[in-house]
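Engineer: Structure below; questions to follow.
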Amino acid sequence: MSVQLAANILIGIALVAFLAYRQATWQYLDPARIWRGPLIMGVIGVVVLAQTKATITSTDVVFLGIEALITVGVGLTMGRITRFRTVGTPDDKGRTIQSRTGWLGAGLWIVLIVVRIGLDVVGGHFGAHLLTSTGTILLVLALNRAARAVVLDQRIPRGDRRTRGMMVR
């Protein structure tokens, strides 16, 4: 096992554990913040991929496409199962809405990581080596979080129903 692969595994496990914990506990919701994470991960992922010297093959594209479809599906599901509650006392930033997906959301993270590892193994046998890149991992996580954000953005409880979501309909 290479040092980069070991580092990718540790980073991936730490990030998934952190996100699973956050899914299972009530967190104050900031509509702008739900887009910040995917944007940052996506930009870093693109920069890292741009620095990769690996050749992109058609096999890489096929496996990346499969992985993208699965991660977007999981992200949309996470957005759909998210629950909201309003608390009586605002936090220090004035927020009163909290959200969580619960243990089902945490379980979806486990499913996502198992599928990702499975695709890495199968893809490696077929010659798709770009899947193990740190940039690819970040882009997949960014896709998942962005898909979740699209659904959440439309579901956030707001006082004025005419101003729902940041996305244009």
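By convention here, the chains of the structure tokens are called A, B, ... in the order presented, each chain's residues are numbered starting at 1, and ligands are numbered starting at 1 in the order presented.
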Would you kindly return, as a PDB file with C-alpha atoms, in the first residue's frame, each protein, DNA or RNA residue with an atom no farther than 8 Å from any atom of Phe63 (chain A), considering only C-alpha atoms and excluding same-chain residues fewer than 3 positions away?

Structural biologist:
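Below is the file that was written, around_1.pdb:
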```pdb
ATOM      1  CA  THR A  59     -12.539   3.115 -18.104  1.00  0.00           C
ATOM      2  CA  ASP A  60     -11.879   5.931 -15.618  1.00  0.00           C
ATOM      3  CA  ILE A  66     -21.181   5.300 -12.071  1.00  0.00           C
ATOM      4  CA  GLU A  67     -19.791   6.740  -8.870  1.00  0.00           C
ATOM      5  CA  LEU A 119     -15.852   0.655  -7.162  1.00  0.00           C
ATOM      6  CA  GLY A 123     -12.239  -0.287 -11.215  1.00  0.00           C
ATOM      7  CA  ALA A 128      -9.472   2.695 -13.716  1.00  0.00           C
ATOM      8  CA  LEU A 131     -10.771   6.703  -8.655  1.00  0.00           C
TER       9      LEU A 131
END
```

Engineer: Met41 (chain A): which residues within 7 Å, counting only C-alpha atoms, same-chain residues fewer than 4 positions away excluded, as number ranges by chain?

Structural biologist: A: 37, 45, 138-139, 142

Engineer: Taking only C-alpha atoms into account, which of A:Ile137, A:Leu76, A:Val48, A:Leu112 comes nearest Asn8 (chain A)?

Structural biologist: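 With only C-alpha atoms as the atom set, the closest residue is A:Ile137.
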
Engineer: Hey, what's within 10 Å of Ile9 (chain A) if we count only C-alpha atoms and toss same-chain stuff fewer than 4 positions away? As a list in words, please?

Structural biologist: Val3, Gln4, Leu5, Ile13, Ala14, Leu15, Ile117, Thr132, Thr134 and Ile137 of chain A

Engineer: Just the number, please: distance in Å from CA of Asp153 (chain A) to CA of Thr71 (chain A), one decimal.

Structural biologist: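 Spanning CA of Asp153 (chain A) to CA of Thr71 (chain A) is a straight-line distance of 18.1 Å.
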
Engineer: Go through region 9-44 of chain A and flag each residue having an atom no more than 12 Å from region 77-90 of chain A; for those, report the closest pair of atoms plus their distance in Å to one decimal, using only C-alpha atoms, ordered by chain and rising number, as a tab-separated table.

Structural biologist:
```
residue	atom	partner	partner_atom	distance
A:Leu19	CA	A:Met78	CA	11.8
A:Ala20	CA	A:Met78	CA	11.2
A:Arg22	CA	A:Thr82	CA	11.8
A:Gln23	CA	A:Thr82	CA	8.7
A:Ala24	CA	A:Thr82	CA	10.2
A:Thr25	CA	A:Arg83	CA	10.9
A:Trp26	CA	A:Phe84	CA	8.7
A:Gln27	CA	A:Phe84	CA	9.6
A:Tyr28	CA	A:Pro90	CA	9.2
A:Leu29	CA	A:Phe84	CA	8.9
A:Ile34	CA	A:Gly79	CA	10.8
```

Engineer: Please dump the current selection as a short mmCIF file (atom, residue, chain, number, x, y, z; two decimals), in the first residue's frame; keep N, CA, C and O atoms.

Structural biologist:
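New file out_35.cif:
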```
data_model
loop_
_atom_site.label_atom_id
_atom_site.label_comp_id
_atom_site.auth_asym_id
_atom_site.auth_seq_id
_atom_site.Cartn_x
_atom_site.Cartn_y
_atom_site.Cartn_z
N LEU A 19 -18.78 13.58 9.11
CA LEU A 19 -20.06 13.89 8.48
C LEU A 19 -21.18 12.99 9.00
O LEU A 19 -22.32 13.44 9.17
N ALA A 20 -20.88 11.72 9.28
CA ALA A 20 -21.90 10.81 9.83
C ALA A 20 -22.34 11.30 11.22
O ALA A 20 -23.54 11.30 11.52
N ARG A 22 -22.29 14.35 12.27
CA ARG A 22 -23.10 15.56 12.07
C ARG A 22 -24.49 15.23 11.54
O ARG A 22 -25.44 15.95 11.81
N GLN A 23 -24.61 14.15 10.77
CA GLN A 23 -25.91 13.74 10.26
C GLN A 23 -26.81 13.27 11.41
O GLN A 23 -28.01 13.46 11.37
N ALA A 24 -26.21 12.62 12.40
CA ALA A 24 -26.98 11.99 13.47
C ALA A 24 -27.35 12.96 14.60
O ALA A 24 -28.19 12.63 15.43
N THR A 25 -26.74 14.13 14.65
CA THR A 25 -27.01 15.07 15.73
C THR A 25 -27.65 16.34 15.17
O THR A 25 -27.43 16.71 14.02
N TRP A 26 -28.44 16.99 16.00
CA TRP A 26 -29.07 18.25 15.59
C TRP A 26 -28.00 19.32 15.43
O TRP A 26 -27.20 19.52 16.32
N GLN A 27 -28.01 19.99 14.28
CA GLN A 27 -27.07 21.06 13.98
C GLN A 27 -27.85 22.30 13.57
O GLN A 27 -28.86 22.20 12.86
N TYR A 28 -27.36 23.47 14.00
CA TYR A 28 -27.99 24.70 13.53
C TYR A 28 -27.78 24.81 12.03
O TYR A 28 -26.72 24.50 11.51
N LEU A 29 -28.82 25.26 11.35
CA LEU A 29 -28.82 25.32 9.89
C LEU A 29 -28.61 26.74 9.41
O LEU A 29 -29.32 27.65 9.82
N ILE A 34 -24.78 25.53 3.70
CA ILE A 34 -25.00 24.25 3.05
C ILE A 34 -24.34 24.21 1.68
O ILE A 34 -24.04 23.14 1.16
#
```

Engineer: Find the residue from A:Val121, A:Ile156, A:Ala149, A:Leu130 that sits nearest to Thr57 (chain A); use only C-alpha atoms when measuring.

Structural biologist: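 Between A:Val121, A:Ile156, A:Ala149, A:Leu130, the residue approaching Thr57 (chain A) most closely is A:Leu130.
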
Engineer: Taking only C-alpha atoms into account, name the residue in A:Arg158, A:Ala146, A:Gly135, A:Gln98 that is nearest to Leu64 (chain A).

Structural biologist: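 Of A:Arg158, A:Ala146, A:Gly135, A:Gln98, the one nearest Leu64 (chain A), counting only C-alpha atoms, is A:Gly135.
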
Engineer: For CA of Asp30 (chain A) and CA of Gly105 (chain A), quote the distance in Å rounded to one decimal.

Structural biologist: 18.7 Å

Engineer: Check chain A with DSSP on the backbone and list each residue it calls helix (DSSP H, G or I), as a PyMOL selection string.

Structural biologist: chain A and resi 3-24+33-50+58-81+102-126+130-132+134-155+161-163

Engineer: Skip Leu143 (chain A) itself and residues of its chain fewer than 2 positions away, then list as a PyMOL selection string all residues within 9 Å of it, counting only C-alpha atoms.

Structural biologist: chain A and resi 38+42+68+71-72+75+138-141+145-148

Engineer: Find the residues near Pro31 (chain A): any atom within 12 Å, counting only C-alpha atoms, skip ones fewer than 4 places away on the same chain, and give them as an NGL selection string.

Structural biologist: :A and (35-37 or 95-99 or 149-158 or 164-167)
